[in-house]
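A.B. asks: For reference, the file protein-v6.txt (compact mmCIF, C-alpha atoms) is included below:
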# COMPACT_ATOMS: atom_id res chain seq x y z
CA MET A 19 173.53 80.46 98.90
CA ASN A 20 172.77 83.64 96.97
CA GLU A 21 169.22 84.53 98.01
CA THR A 22 168.84 87.10 95.24
CA HIS A 23 168.85 84.20 92.77
CA HIS A 24 165.32 83.43 93.91
CA LEU A 25 164.00 86.97 93.41
CA PRO A 26 161.95 87.82 90.31
CA SER A 27 163.25 90.13 87.61
CA LEU A 28 162.63 93.83 88.22
CA THR A 29 161.83 94.23 84.51
CA ALA A 30 159.19 91.52 84.83
CA LEU A 31 157.68 93.11 87.94
CA ARG A 32 157.53 96.49 86.22
CA ALA A 33 155.88 94.93 83.16
CA PHE A 34 153.35 93.16 85.39
CA VAL A 35 152.41 96.37 87.26
CA THR A 36 152.17 98.39 84.04
CA VAL A 37 149.96 95.83 82.29
CA ILE A 38 147.53 95.88 85.22
CA ASP A 39 147.62 99.68 85.48
CA THR A 40 146.93 100.13 81.77
CA GLY A 41 144.78 97.03 81.22
CA SER A 42 146.64 96.43 77.98
CA PHE A 43 149.81 94.71 76.78
CA THR A 44 149.98 97.21 73.92
CA GLU A 45 149.77 100.29 76.14
CA ALA A 46 152.20 98.79 78.65
CA ALA A 47 154.68 98.21 75.82
CA ARG A 48 154.29 101.82 74.69
CA ARG A 49 154.87 103.21 78.18
CA LEU A 50 157.92 101.04 78.81
CA PHE A 51 159.37 101.53 75.31
CA LEU A 52 159.27 97.78 74.65
CA THR A 53 157.54 95.60 72.09
CA GLN A 54 154.30 93.82 72.93
CA GLY A 55 156.16 90.55 72.53
CA ALA A 56 158.76 91.63 75.08
CA ILE A 57 156.01 92.45 77.58
CA SER A 58 154.40 89.05 77.02
CA LYS A 59 157.75 87.36 77.56
CA GLN A 60 158.34 89.22 80.86
CA ILE A 61 154.91 88.22 82.15
CA SER A 62 155.58 84.61 81.10
CA LEU A 63 158.91 84.62 82.95
CA LEU A 64 157.20 85.99 86.06
CA GLU A 65 154.52 83.32 85.93
CA GLN A 66 157.20 80.65 85.49
CA HIS A 67 159.06 82.06 88.50
CA TYR A 68 155.97 81.75 90.72
CA ALA A 69 154.67 78.65 88.91
CA THR A 70 151.19 80.10 88.65
CA ALA A 71 149.09 82.28 86.37
CA LEU A 72 149.12 85.95 87.35
CA LEU A 73 146.87 87.52 84.69
CA GLN A 74 143.58 86.54 83.14
CA ARG A 75 141.33 88.02 80.46
CA GLN A 76 137.77 88.92 81.45
CA HIS A 77 135.44 90.54 78.92
CA ARG A 78 138.41 91.71 76.83
CA GLN A 79 140.04 93.21 79.90
CA ILE A 80 143.20 92.01 81.60
CA ARG A 81 142.85 91.44 85.33
CA PRO A 82 145.06 89.85 87.97
CA THR A 83 144.31 86.32 89.11
CA PRO A 84 144.05 85.71 92.88
CA ALA A 85 147.80 85.04 92.84
CA GLY A 86 148.33 88.20 90.83
CA GLN A 87 146.30 90.18 93.36
CA THR A 88 148.60 88.89 96.10
CA LEU A 89 151.69 89.91 94.15
CA LEU A 90 150.43 93.27 92.91
CA PRO A 91 150.80 95.48 96.04
CA VAL A 92 154.28 94.13 96.72
CA ALA A 93 155.37 94.53 93.09
CA ARG A 94 153.94 98.06 92.93
CA ASP A 95 155.70 99.02 96.17
CA VAL A 96 159.04 97.72 94.87
CA VAL A 97 158.67 99.61 91.57
CA GLU A 98 157.62 102.85 93.26
CA ARG A 99 160.42 102.67 95.83
CA LEU A 100 163.02 102.17 93.12
CA LYS A 101 161.54 105.05 91.13
CA GLU A 102 161.90 107.28 94.18
CA VAL A 103 165.51 106.22 94.68
CA GLU A 104 166.19 106.89 91.00
CA ARG A 105 164.59 110.31 91.29
CA LYS A 106 166.73 111.23 94.28
CA LEU A 107 169.94 109.97 92.73
CA LYS A 108 169.16 111.60 89.39
CA THR A 109 168.66 114.91 91.16
CA GLN A 110 172.30 114.87 92.21
CA SER A 111 173.51 114.94 88.61
CA ASP A 112 170.71 116.89 86.90
CA ILE A 113 171.27 120.58 87.53
CA LEU A 114 168.13 122.71 87.41
CA SER A 115 168.67 125.86 85.34
CA LEU A 116 166.77 128.93 86.55
CA GLN A 117 166.80 132.46 85.14
CA VAL A 118 165.65 135.23 87.49
CA TYR A 119 165.38 139.02 87.38
CA VAL A 120 168.21 140.70 89.25
CA SER A 121 165.86 142.59 91.59
CA PHE A 122 163.85 139.46 92.41
CA ALA A 123 167.02 137.48 93.04
CA VAL A 124 168.62 140.10 95.30
CA ARG A 125 165.51 141.17 97.22
CA TRP A 126 163.58 137.93 97.58
CA LEU A 127 165.15 134.72 96.31
CA MET A 128 168.74 134.78 97.56
CA PRO A 129 167.97 135.74 101.20
CA ARG A 130 165.66 132.70 101.43
CA LEU A 131 167.66 130.18 99.42
CA GLY A 132 169.40 128.69 102.44
CA SER A 133 166.18 127.07 103.59
CA PHE A 134 165.73 125.49 100.15
CA TYR A 135 169.10 123.76 100.37
CA GLN A 136 168.31 122.63 103.91
CA GLN A 137 165.13 120.96 102.69
CA HIS A 138 166.58 119.68 99.40
CA PRO A 139 170.32 119.15 99.91
CA LEU A 140 170.67 116.99 96.79
CA THR A 141 169.14 119.49 94.39
CA GLN A 142 171.57 121.60 92.41
CA LEU A 143 170.47 124.96 91.04
CA ARG A 144 172.14 127.04 88.40
CA ILE A 145 170.81 130.58 88.81
CA ASP A 146 171.41 133.12 86.05
CA SER A 147 170.31 136.72 86.55
CA MET A 148 168.69 138.82 83.85
CA VAL A 149 167.65 142.45 83.52
CA TYR A 150 165.04 141.93 80.82
CA GLU A 151 162.81 139.01 79.92
CA PRO A 152 164.06 136.99 76.91
CA ALA A 153 162.41 138.11 73.68
CA GLU A 154 161.13 134.58 73.10
CA LEU A 155 160.93 131.50 75.31
CA ASP A 156 161.85 128.27 73.57
CA PRO A 157 159.75 125.37 74.98
CA ALA A 158 162.32 122.93 73.58
CA ILE A 159 165.00 124.20 75.97
CA ASN A 160 165.12 122.81 79.51
CA GLN A 161 165.13 126.15 81.26
CA ALA A 162 162.94 127.51 84.06
CA TYR A 163 162.33 131.19 84.67
CA ILE A 164 160.86 133.51 87.26
CA LEU A 165 159.17 136.12 85.08
CA PHE A 166 156.99 139.15 85.64
CA GLY A 167 153.66 139.40 83.87
CA HIS A 168 150.10 138.10 83.75
CA GLY A 169 150.81 134.40 83.24
CA GLN A 170 150.60 134.32 79.46
CA TRP A 171 153.61 132.64 77.87
CA PRO A 172 152.77 130.46 74.82
CA ASP A 173 153.59 126.75 75.09
CA MET A 174 154.84 127.16 78.66
CA GLN A 175 153.47 126.27 82.07
CA ALA A 176 153.23 129.10 84.58
CA GLU A 177 152.33 129.32 88.25
CA LEU A 178 151.85 132.59 90.12
CA LEU A 179 154.24 133.01 93.04
CA LEU A 180 153.83 136.62 94.16
CA PRO A 181 151.19 139.14 93.07
CA GLU A 182 152.43 142.69 92.51
CA LEU A 183 151.36 145.11 95.28
CA LEU A 184 152.70 148.63 94.72
CA SER A 185 153.12 151.44 97.23
CA PRO A 186 155.63 154.30 97.68
CA VAL A 187 158.67 153.64 99.87
CA CYS A 188 161.35 155.92 101.27
CA ALA A 189 164.06 156.10 103.91
CA PRO A 190 162.90 156.39 107.54
CA SER A 191 164.65 159.77 107.71
CA MET A 192 162.29 161.11 105.02
CA LEU A 193 159.07 160.01 106.70
CA ALA A 194 158.59 163.29 108.56
CA GLU A 195 158.90 165.17 105.26
CA LEU A 196 155.93 163.30 103.78
CA PRO A 197 152.95 163.94 106.05
CA SER A 198 150.59 164.05 103.04
CA LEU A 199 150.46 163.43 99.31
CA ASP A 200 150.96 167.12 98.66
CA ALA A 201 154.39 166.83 100.27
CA LEU A 202 155.55 164.56 97.46
CA ALA A 203 155.94 167.64 95.27
CA GLY A 204 159.55 168.72 95.34
CA HIS A 205 160.84 165.23 96.06
CA THR A 206 162.42 163.03 93.42
CA LEU A 207 160.32 160.11 92.22
CA PHE A 208 162.35 157.12 91.04
CA HIS A 209 161.14 155.21 87.97
CA THR A 210 162.32 152.07 86.19
CA THR A 211 160.51 152.86 82.93
CA ARG A 212 160.47 156.06 80.90
CA ASP A 213 156.68 156.07 80.74
CA TYR A 214 156.47 156.34 84.56
CA GLU A 215 153.85 153.58 84.45
CA GLU A 216 154.04 152.42 88.08
CA TRP A 217 153.85 155.89 89.61
CA ILE A 218 151.06 156.91 87.22
CA GLY A 219 149.05 153.83 88.22
CA TRP A 220 149.48 154.36 91.96
CA LEU A 221 148.84 158.14 91.86
CA ALA A 222 145.68 157.51 89.84
CA THR A 223 144.28 155.63 92.85
CA GLN A 224 144.74 158.91 94.75
CA ASP A 225 142.94 160.90 92.01
CA ILE A 226 146.21 162.46 90.87
CA ARG A 227 146.43 162.46 87.06
CA SER A 228 149.45 164.65 86.40
CA LEU A 229 153.11 164.22 87.28
CA VAL A 230 154.12 167.72 86.28
CA GLN A 231 154.69 168.87 89.86
CA TYR A 232 157.22 166.12 90.63
CA LYS A 233 160.92 165.63 89.97
CA HIS A 234 161.80 162.44 88.15
CA GLN A 235 164.77 160.08 87.95
CA VAL A 236 164.81 156.99 85.71
CA VAL A 237 167.02 154.00 86.57
CA ASP A 238 167.10 150.66 84.79
CA LEU A 239 166.59 148.37 87.79
CA HIS A 240 164.07 148.26 90.63
CA HIS A 241 166.97 147.28 92.83
CA LEU A 242 168.68 150.62 92.09
CA ALA A 243 165.48 152.59 92.67
CA TRP A 244 164.89 150.95 96.05
CA THR A 245 168.52 151.38 97.07
CA ALA A 246 168.36 155.06 96.17
CA ALA A 247 165.16 155.46 98.19
CA ALA A 248 166.73 153.71 101.20
CA SER A 249 169.63 156.18 100.92
CA GLY A 250 167.25 159.14 101.21
CA LEU A 251 167.64 160.31 97.62
CA GLY A 252 163.93 160.28 96.86
CA VAL A 253 160.79 158.15 96.84
CA ALA A 254 160.41 154.93 94.86
CA ILE A 255 157.45 152.72 94.06
CA GLY A 256 158.01 149.42 95.83
CA ASP A 257 156.58 145.97 95.42
CA MET A 258 155.40 145.12 98.92
CA GLU A 259 156.04 141.41 98.47
CA LEU A 260 159.64 141.88 97.36
CA LEU A 261 160.38 144.48 100.01
CA GLN A 262 159.04 142.63 103.05
CA ASP A 263 162.49 142.21 104.57
CA GLU A 264 163.45 145.87 104.09
CA LEU A 265 160.14 147.03 105.53
CA GLU A 266 160.27 144.70 108.52
CA GLN A 267 163.86 145.65 109.30
CA GLY A 268 163.18 149.36 108.91
CA ARG A 269 165.53 150.08 106.01
CA LEU A 270 162.51 151.31 104.07
CA VAL A 271 159.16 152.67 105.24
CA ARG A 272 155.80 153.31 103.63
CA PRO A 273 154.78 156.97 103.88
CA PHE A 274 151.24 156.17 102.60
CA ASP A 275 148.96 153.21 103.27
CA SER A 276 147.38 152.80 99.84
CA VAL A 277 148.43 149.73 97.84
CA LEU A 278 147.85 149.22 94.12
CA ARG A 279 147.07 145.66 93.03
CA THR A 280 148.13 145.66 89.40
CA GLY A 281 146.96 142.17 88.47
CA ALA A 282 150.49 141.26 87.41
CA GLY A 283 153.04 139.33 89.43
CA TYR A 284 156.04 137.03 89.49
CA TRP A 285 155.53 133.58 87.96
CA LEU A 286 157.55 130.39 87.78
CA VAL A 287 157.55 129.55 84.06
CA TYR A 288 158.88 126.37 82.46
CA PRO A 289 158.36 124.10 79.42
CA HIS A 290 155.91 121.22 79.71
CA SER A 291 158.79 118.82 79.06
CA TYR A 292 160.61 120.18 82.13
CA ALA A 293 157.71 119.58 84.50
CA GLU A 294 158.89 116.14 85.63
CA HIS A 295 162.40 117.30 86.55
CA PRO A 296 162.65 116.35 90.24
CA GLY A 297 164.59 119.50 91.06
CA LEU A 298 161.87 121.64 89.50
CA GLN A 299 159.18 119.96 91.55
CA ALA A 300 161.24 120.51 94.71
CA LEU A 301 161.78 124.16 93.81
CA LEU A 302 158.12 124.73 92.99
CA SER A 303 157.00 123.22 96.28
CA TRP A 304 159.48 125.37 98.20
CA LEU A 305 158.51 128.55 96.31
CA ARG A 306 154.84 127.96 97.14
CA GLU A 307 155.75 127.53 100.78
CA GLN A 308 157.87 130.68 100.89
CA ALA A 309 155.32 132.77 99.01
CA ALA A 310 152.64 131.78 101.52
CA LEU A 311 154.74 132.46 104.64
CA LYS A 312 154.30 136.21 104.82
CA ARG A 313 151.59 136.90 102.27
CA LEU A 314 150.32 140.41 102.91
CA GLN A 315 146.73 140.59 104.05
CA GLN A 316 145.47 143.64 102.25
Would it be possible to restate this file's structure as structure tokens?
C.D. replies:
Amino acid sequence: MNETHHLPSLTALRAFVTVIDTGSFTEAARRLFLTQGAISKQISLLEQHYATALLQRQHRQIRPTPAGQTLLPVARDVVERLKEVERKLKTQSDILSLQVYVSFAVRWLMPRLGSFYQQHPLTQLRIDSMVYEPAELDPAINQAYILFGHGQWPDMQAELLLPELLSPVCAPSMLAELPSLDALAGHTLFHTTRDYEEWIGWLATQDIRSLVQYKHQVVDLHHLAWTAAASGLGVAIGDMELLQDELEQGRLVRPFDSVLRTGAGYWLVYPHSYAEHPGLQALLSWLREQAALKRLQQ
């Protein structure tokens, strides 16, 4: 005998749970993309299956009968378990697209990514690097980003991952040459913008308003500036969050203790329509975890 023949329809169970959750046949139909008549039919089939009434109207509200109350927790558990299975299986075929700055990818994301795949082996990521932020973010495109800024991207959701904490960094071999701020004069300062914004901001915290006494070299990537500093070619401004590994392993050192909190940072940014992507939720949870692991206490 086929025992599944005596099991109720999953569609009917889902309709039953949704009607109770919403308190309305109309709203249940809207949520399940069915007609109100189709919902009524599914409830009728379920009641025929159990040979008892499962719903009743009380003061214009729909409530479960005693039999319906008995069925409800089991029906809800079945629906939720199948949703979870669907989510996990769907993750295998739905690739999450993520665009990341080159420097962030090289210095922070890629060295940690192994633990993400250990925790979420079914999630597939497509990671594209970028040098500059896209001129405009289209909320209609299923695309997530890790962007630098203050969290203001129209029609997008954004969550702060790492705040920007700036301080000079150099090679260990240069540390003896920088016993004080005055010793910076004569050394090359590496910049990633032609307005020298990061160095100007940090030096202002030291009451230094002019950069005339310094040598300057502009490169187009933070990654290049930090690599040059680690090679002993000069001093770069480093983001302490992104450079944790280099600092802990001694490839870079901080000649001065002062840290500038700029108020900006790295954010996970994505369209509202992308929020329910199971891979995105897994990534967001993992990013939160990683960002909290070694948060600097300044």
A.B. asks: Within 8 Å of (157.1, 136.9, 84.5) (file coordinates; all atoms listed in the file), which protein or nucleic acid residues are there? I'd like them as a ChimeraX atom specification.
C.D. replies: /A:151,163-169,283-287
A.B. asks: Point out the residue among A:Gln308, A:Gln175, A:Gln76, A:Thr223 with the least atom-to-atom distance to Leu278 of chain A, counting all atoms listed in the file.
C.D. replies: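 Of all the options, A:Thr223 lies closest to Leu278 of chain A.
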A.B. asks: Taking all atoms listed in the file into account, produce a table as a Markdown table in which each residue of segment 42-149 of chain A with an atom at most 12 Å from an atom of segment 176-179 of chain A appears once, together with its shortest atom pair and the distance in Å to one decimal, ordered by chain and rising number.
C.D. replies:
| residue | atom | partner | partner_atom | distance |
| --- | --- | --- | --- | --- |
| A:Phe122 | CA | A:Leu179 | CA | 11.6 |
| A:Trp126 | CA | A:Leu179 | CA | 11.5 |
| A:Leu127 | CA | A:Leu179 | CA | 11.5 |
A.B. asks: Could you tell me which of A:Tyr68, A:Tyr135, A:Trp244, A:Trp171 comes closest to Ala30 of chain A if we count only C-alpha atoms?
C.D. replies: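 Looking only at the distances to Ala30 of chain A, the closest residue turns out to be A:Tyr68.
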A.B. asks: Which polymer residues have any atom within 7 Å of an atom of Ser115 of chain A, counting only C-alpha atoms, with same-chain residues fewer than 3 positions away left out, as an MDAnalysis selection string?
C.D. replies: chainID A and resid 143:145 161:162
A.B. asks: Quick one: residues within 10 Å of Leu239 of chain A, all atoms listed in the file, excluding same-chain residues fewer than 4 positions away - as a CSV table (one decimal) with C-alpha atoms, keeping the file's coordinate frame?
C.D. replies:
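The new file out08.csv reads:
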chain,number,residue,atom,x,y,z
A,119,TYR,CA,165.4,139.0,87.4
A,120,VAL,CA,168.2,140.7,89.2
A,121,SER,CA,165.9,142.6,91.6
A,149,VAL,CA,167.6,142.4,83.5
A,150,TYR,CA,165.0,141.9,80.8
A,209,HIS,CA,161.1,155.2,88.0
A,210,THR,CA,162.3,152.1,86.2
A,211,THR,CA,160.5,152.9,82.9
A,243,ALA,CA,165.5,152.6,92.7
A,244,TRP,CA,164.9,151.0,96.0
A,245,THR,CA,168.5,151.4,97.1
A.B. asks: Can you tell me how far atom CA of Gly41 of chain A sits from atom CA of Ala69 of chain A, in Å to one decimal?
C.D. replies: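 Those two atoms sit 22.2 Å apart.
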A.B. asks: Would you kindly return, as a PDB file with C-alpha atoms, keeping the file's coordinate frame, each protein, DNA or RNA residue with an atom no farther than 8 Å from any atom of Val35 of chain A, considering all atoms listed in the file and excluding same-chain residues fewer than 5 positions away?
C.D. replies:
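The resulting part.pdb:
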ATOM      1  CA  LEU A  90     150.430  93.270  92.910  1.00  0.00           C
ATOM      2  CA  ALA A  93     155.370  94.530  93.090  1.00  0.00           C
ATOM      3  CA  ARG A  94     153.940  98.060  92.930  1.00  0.00           C
TER       4      ARG A  94
END
A.B. asks: Please determine, counting all atoms listed in the file, which residue among A:Glu294, A:Asp156, A:Glu215, A:Asp146 has the shortest atom-to-atom distance to Gln117 of chain A.
C.D. replies: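 Using all atoms listed in the file, Gln117 of chain A sits closest to A:Asp146.
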A.B. asks: Separation of atom CA of Ser185 of chain A and atom CA of Pro129 of chain A, in Å?
C.D. replies: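 Here the two named atoms are 22.0 Å from each other.
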A.B. asks: Choose the residue, out of A:Ala85, A:Ala189, A:Leu229, A:Leu131, that has the smallest atom-to-atom separation from Trp304 of chain A; count only C-alpha atoms.
C.D. replies: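 Residue with the minimum atom-to-atom distance to Trp304 of chain A: A:Leu131.
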A.B. asks: Between A:Pro296, A:Pro186, A:Pro289, A:Gly250, which one has atoms that come closest to Trp220 of chain A, using all atoms listed in the file?
C.D. replies: A:Pro186
A.B. asks: Compile the contact shell of Arg227 of chain A as a list of chain:residue names: residues with an atom at most 8 Å away, counting all atoms listed in the file, same-chain residues fewer than 5 positions apart removed.
C.D. replies: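 What passes the distance filter is A:Ile218, A:Leu221, A:Ala222.
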A.B. asks: Go ahead and write the residues just picked, C-alpha atoms, as a PDB file, keeping the file's coordinate frame.
C.D. replies:
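The result, written out as selection_18.pdb:
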ATOM      1  CA  ILE A 218     151.060 156.910  87.220  1.00  0.00           C
ATOM      2  CA  LEU A 221     148.840 158.140  91.860  1.00  0.00           C
ATOM      3  CA  ALA A 222     145.680 157.510  89.840  1.00  0.00           C
TER       4      ALA A 222
END
A.B. asks: Calculated over all atoms listed in the file, which of the candidates A:Arg125, A:Arg78, A:Arg272, A:Arg212 has the smallest distance to Cys188 of chain A?
C.D. replies: A:Arg272
A.B. asks: Rounded to one decimal place, report the atom CA of Val118 of chain A-atom CA of Tyr288 of chain A distance in Å.
C.D. replies: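 Separation between atom CA of Val118 of chain A and atom CA of Tyr288 of chain A: 12.2 Å.
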A.B. asks: Would you kindly identify which residues have an atom no farther than 6 Å from (152.1, 87.6, 88.2), using all atoms listed in the file and the file's own coordinates, and write them out as a list of chain:residue names?
C.D. replies: A:Leu64, A:Glu65, A:Leu72, A:Gly86
A.B. asks: Excluding same-chain residues fewer than 3 positions from Ser191 of chain A, what lies within 12 Å of it counting all atoms listed in the file, as number ranges by chain?
C.D. replies: A: 187-188, 194-196, 247-253, 268-273
A.B. asks: Generate the missing atoms of segment 267-292 of chain A up to N, CA, C and O atoms and report them as an mmCIF file, in the frame of the given file.
C.D. replies:
data_model
loop_
_atom_site.group_PDB
_atom_site.id
_atom_site.type_symbol
_atom_site.label_atom_id
_atom_site.label_comp_id
_atom_site.auth_asym_id
_atom_site.auth_seq_id
_atom_site.Cartn_x
_atom_site.Cartn_y
_atom_site.Cartn_z
ATOM 1 N N GLN A 267 162.624 145.258 108.621
ATOM 2 C CA GLN A 267 163.860 145.650 109.300
ATOM 3 C C GLN A 267 164.065 147.156 109.366
ATOM 4 O O GLN A 267 165.039 147.619 109.949
ATOM 5 N N GLY A 268 163.143 147.909 108.782
ATOM 6 C CA GLY A 268 163.180 149.360 108.910
ATOM 7 C C GLY A 268 164.124 150.070 107.972
ATOM 8 O O GLY A 268 164.345 151.277 108.133
ATOM 9 N N ARG A 269 164.661 149.393 106.969
ATOM 10 C CA ARG A 269 165.530 150.080 106.010
ATOM 11 C C ARG A 269 164.696 150.936 105.060
ATOM 12 O O ARG A 269 165.184 151.923 104.518
ATOM 13 N N LEU A 270 163.466 150.530 104.845
ATOM 14 C CA LEU A 270 162.510 151.310 104.070
ATOM 15 C C LEU A 270 161.211 151.415 104.861
ATOM 16 O O LEU A 270 160.894 150.545 105.675
ATOM 17 N N VAL A 271 160.462 152.489 104.608
ATOM 18 C CA VAL A 271 159.160 152.670 105.240
ATOM 19 C C VAL A 271 158.148 153.087 104.187
ATOM 20 O O VAL A 271 158.515 153.547 103.104
ATOM 21 N N ARG A 272 156.887 152.903 104.516
ATOM 22 C CA ARG A 272 155.800 153.310 103.630
ATOM 23 C C ARG A 272 155.192 154.611 104.140
ATOM 24 O O ARG A 272 154.550 154.618 105.203
ATOM 25 N N PRO A 273 155.362 155.710 103.413
ATOM 26 C CA PRO A 273 154.780 156.970 103.880
ATOM 27 C C PRO A 273 153.264 157.023 103.717
ATOM 28 O O PRO A 273 152.588 157.831 104.367
ATOM 29 N N PHE A 274 152.687 156.171 102.852
ATOM 30 C CA PHE A 274 151.240 156.170 102.600
ATOM 31 C C PHE A 274 150.732 154.718 102.635
ATOM 32 O O PHE A 274 151.450 153.782 102.289
ATOM 33 N N ASP A 275 149.506 154.543 103.061
ATOM 34 C CA ASP A 275 148.960 153.210 103.270
ATOM 35 C C ASP A 275 148.436 152.550 101.993
ATOM 36 O O ASP A 275 148.377 151.321 101.911
ATOM 37 N N SER A 276 148.047 153.345 101.021
ATOM 38 C CA SER A 276 147.380 152.800 99.840
ATOM 39 C C SER A 276 148.288 151.855 99.053
ATOM 40 O O SER A 276 149.467 152.139 98.833
ATOM 41 N N VAL A 277 147.695 150.725 98.630
ATOM 42 C CA VAL A 277 148.430 149.730 97.840
ATOM 43 C C VAL A 277 147.680 149.489 96.535
ATOM 44 O O VAL A 277 146.463 149.325 96.528
ATOM 45 N N LEU A 278 148.437 149.486 95.435
ATOM 46 C CA LEU A 278 147.850 149.220 94.120
ATOM 47 C C LEU A 278 148.076 147.763 93.755
ATOM 48 O O LEU A 278 149.214 147.299 93.662
ATOM 49 N N ARG A 279 146.985 147.036 93.539
ATOM 50 C CA ARG A 279 147.070 145.660 93.030
ATOM 51 C C ARG A 279 146.988 145.747 91.505
ATOM 52 O O ARG A 279 145.934 146.044 90.952
ATOM 53 N N THR A 280 148.073 145.459 90.849
ATOM 54 C CA THR A 280 148.130 145.660 89.400
ATOM 55 C C THR A 280 147.549 144.513 88.602
ATOM 56 O O THR A 280 147.265 144.671 87.411
ATOM 57 N N GLY A 281 147.405 143.352 89.206
ATOM 58 C CA GLY A 281 146.960 142.170 88.470
ATOM 59 C C GLY A 281 148.106 141.382 87.862
ATOM 60 O O GLY A 281 147.917 140.266 87.384
ATOM 61 N N ALA A 282 149.306 141.959 87.887
ATOM 62 C CA ALA A 282 150.490 141.260 87.410
ATOM 63 C C ALA A 282 151.199 140.611 88.603
ATOM 64 O O ALA A 282 150.757 140.729 89.754
ATOM 65 N N GLY A 283 152.296 139.945 88.344
ATOM 66 C CA GLY A 283 153.040 139.330 89.430
ATOM 67 C C GLY A 283 154.229 138.546 88.913
ATOM 68 O O GLY A 283 154.541 138.557 87.718
ATOM 69 N N TYR A 284 154.887 137.856 89.825
ATOM 70 C CA TYR A 284 156.040 137.030 89.490
ATOM 71 C C TYR A 284 155.593 135.569 89.389
ATOM 72 O O TYR A 284 154.921 135.057 90.285
ATOM 73 N N TRP A 285 155.986 134.936 88.282
ATOM 74 C CA TRP A 285 155.530 133.580 87.960
ATOM 75 C C TRP A 285 156.732 132.666 87.756
ATOM 76 O O TRP A 285 157.754 133.087 87.202
ATOM 77 N N LEU A 286 156.589 131.409 88.180
ATOM 78 C CA LEU A 286 157.550 130.390 87.780
ATOM 79 C C LEU A 286 157.063 129.831 86.448
ATOM 80 O O LEU A 286 155.937 129.347 86.340
ATOM 81 N N VAL A 287 157.920 129.922 85.432
ATOM 82 C CA VAL A 287 157.550 129.550 84.060
ATOM 83 C C VAL A 287 158.535 128.497 83.567
ATOM 84 O O VAL A 287 159.750 128.633 83.752
ATOM 85 N N TYR A 288 158.006 127.439 82.925
ATOM 86 C CA TYR A 288 158.880 126.370 82.460
ATOM 87 C C TYR A 288 158.186 125.584 81.354
ATOM 88 O O TYR A 288 156.956 125.569 81.251
ATOM 89 N N PRO A 289 158.960 124.919 80.488
ATOM 90 C CA PRO A 289 158.360 124.100 79.420
ATOM 91 C C PRO A 289 157.635 122.894 79.994
ATOM 92 O O PRO A 289 157.984 122.397 81.066
ATOM 93 N N HIS A 290 156.645 122.413 79.264
ATOM 94 C CA HIS A 290 155.910 121.220 79.710
ATOM 95 C C HIS A 290 156.858 120.038 79.871
ATOM 96 O O HIS A 290 156.693 119.220 80.778
ATOM 97 N N SER A 291 157.856 119.948 79.009
ATOM 98 C CA SER A 291 158.790 118.820 79.060
ATOM 99 C C SER A 291 159.681 118.860 80.300
ATOM 100 O O SER A 291 160.291 117.852 80.659
ATOM 101 N N TYR A 292 159.755 120.015 80.951
ATOM 102 C CA TYR A 292 160.610 120.180 82.130
ATOM 103 C C TYR A 292 159.864 119.880 83.422
ATOM 104 O O TYR A 292 160.451 119.846 84.503
#
